[in-house]
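J.: Let me give you the structure first, and then I'll get to my questions.
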Amino acid sequence: MRIGSRREDDFEINVISLIDVLLTLLMFFVLSTTFIEHSRLKVNLPKADAEAREGTDKALTLVVDRDGHYSVGSDEVLGEGIDPLKSTIERVAGPDRGRLVVIRADANTAHQNVVRAMDALGQLGFTHLSIATTPGDTAASR
């Protein structure tokens, strides 16, 4: 019987320090990671006192009235929901997905109707979106 001496074939790996290092690395990567934006649309926020953006003459116009009816260009969307809206946008816009899309929504329309239009555009791959506003009185805002 050997007291106080260890056998040559007994060995021990201390994994506590390894776990500490792995947890520290995990925390570093979690805190330093840039999370992916869920929105595919780049939204140009409306400014009522700004000049009109150049290049809007080639833009695709999507109009939402106060009752939630849509029209794309000069074509009215027939039917309810997102599928008829998407098919009308595809038909009017053609293959050009880099084109600017201007949403002209009535001030009294439900927010859901505008979001539905933005969702349909995002699903079809449009990335340049502008929300039209009416110019405000700049003298009154000063």
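Order determines the names: the first chain of the structure tokens is A, the second B, and so forth; residues in each chain are numbered 1 upward, and ligands are numbered 1 upward as they are shown.
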Write out as a PyMOL selection string the residues lying within 10 Å of Asp96 (chain A), counting only C-alpha atoms and excluding same-chain residues fewer than 6 positions away.
T.: chain A and resi 90+125-126
J.: Could you write out that same residue set with C-alpha atoms as a compact mmCIF listing (two decimals), in the first residue's frame?
T.:
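The resulting again-v7.txt:
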```txt
# COMPACT_ATOMS: atom_id res chain seq x y z
CA GLU A 90 -45.74 42.14 -59.85
CA GLY A 125 -37.94 42.11 -53.02
CA PHE A 126 -38.37 45.87 -53.26
```
J.: Give me the residues within 12 Å of Leu60 (chain A) as a list in words, counting only C-alpha atoms and dropping any in the same chain fewer than 6 places off.
T.: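 Here the answer would be Ser71, Val72, Gly73, Ser74, Asp75, Thr88, Ile89, Glu90, Arg91, Val92, Ala93, Gly94, Asp96, Arg97, Gly98, Arg99, Leu100, Val101, Val102, Ile103, Arg104, Leu121, Phe126, His128, Leu129, Ser130, Ile131 and Ala132 of chain A.
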J.: Could you list, as a list in words, every residue within 7 Å of Ala105 (chain A), counting only C-alpha atoms and ignoring same-chain residues fewer than 3 positions away?
T.: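 Everything that qualifies: Val63, Val64, Asp65, Thr109 and Val114 of chain A.
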J.: Take the residues that were just selected and, keeping N, CA and C atoms, output them as a PDB file, in the first residue's frame.
T.:
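As a result, result_12.pdb now contains:
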```
ATOM      1  N   VAL A  63     -51.074  53.552 -53.920  1.00  0.00           N
ATOM      2  CA  VAL A  63     -52.005  54.434 -53.214  1.00  0.00           C
ATOM      3  C   VAL A  63     -52.909  53.603 -52.307  1.00  0.00           C
ATOM      4  N   VAL A  64     -53.056  54.066 -51.056  1.00  0.00           N
ATOM      5  CA  VAL A  64     -53.955  53.428 -50.095  1.00  0.00           C
ATOM      6  C   VAL A  64     -54.986  54.477 -49.680  1.00  0.00           C
ATOM      7  N   ASP A  65     -56.266  54.208 -49.932  1.00  0.00           N
ATOM      8  CA  ASP A  65     -57.275  55.186 -49.538  1.00  0.00           C
ATOM      9  C   ASP A  65     -57.735  54.937 -48.098  1.00  0.00           C
ATOM     10  N   THR A 109     -56.275  56.546 -43.063  1.00  0.00           N
ATOM     11  CA  THR A 109     -56.299  55.105 -43.272  1.00  0.00           C
ATOM     12  C   THR A 109     -55.714  54.394 -42.057  1.00  0.00           C
ATOM     13  N   VAL A 114     -51.210  50.280 -44.425  1.00  0.00           N
ATOM     14  CA  VAL A 114     -49.892  50.714 -44.889  1.00  0.00           C
ATOM     15  C   VAL A 114     -48.863  49.621 -44.621  1.00  0.00           C
TER      16      VAL A 114
END
```
J.: Work out how far apart CA of Asp83 (chain A) and CA of Asp106 (chain A) are and give it in Å to one decimal.
T.: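 Here the two named atoms are 21.6 Å from each other.
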J.: Between A:Leu124, A:Val30, A:Ala110, A:Ala117, single out the one closest to Leu85 (chain A), counting only C-alpha atoms.
T.: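 Between A:Leu124, A:Val30, A:Ala110, A:Ala117, the residue approaching Leu85 (chain A) most closely is A:Ala117.
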J.: Rounded to one decimal, what separation in Å do you get between CA of Leu78 (chain A) and CA of Gln112 (chain A)?
T.: 18.0 Å
J.: From the set A:Thr33, A:Asn14, A:Gln123, A:Asn113, which residue has the shortest atom-to-atom contact distance to His69 (chain A), counting only C-alpha atoms?
T.: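 For His69 (chain A), the nearest of the given residues is A:Asn113.
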J.: For CA of Gly79 (chain A) and CA of Pro95 (chain A), quote the distance in Å rounded to one decimal.
T.: 22.8 Å
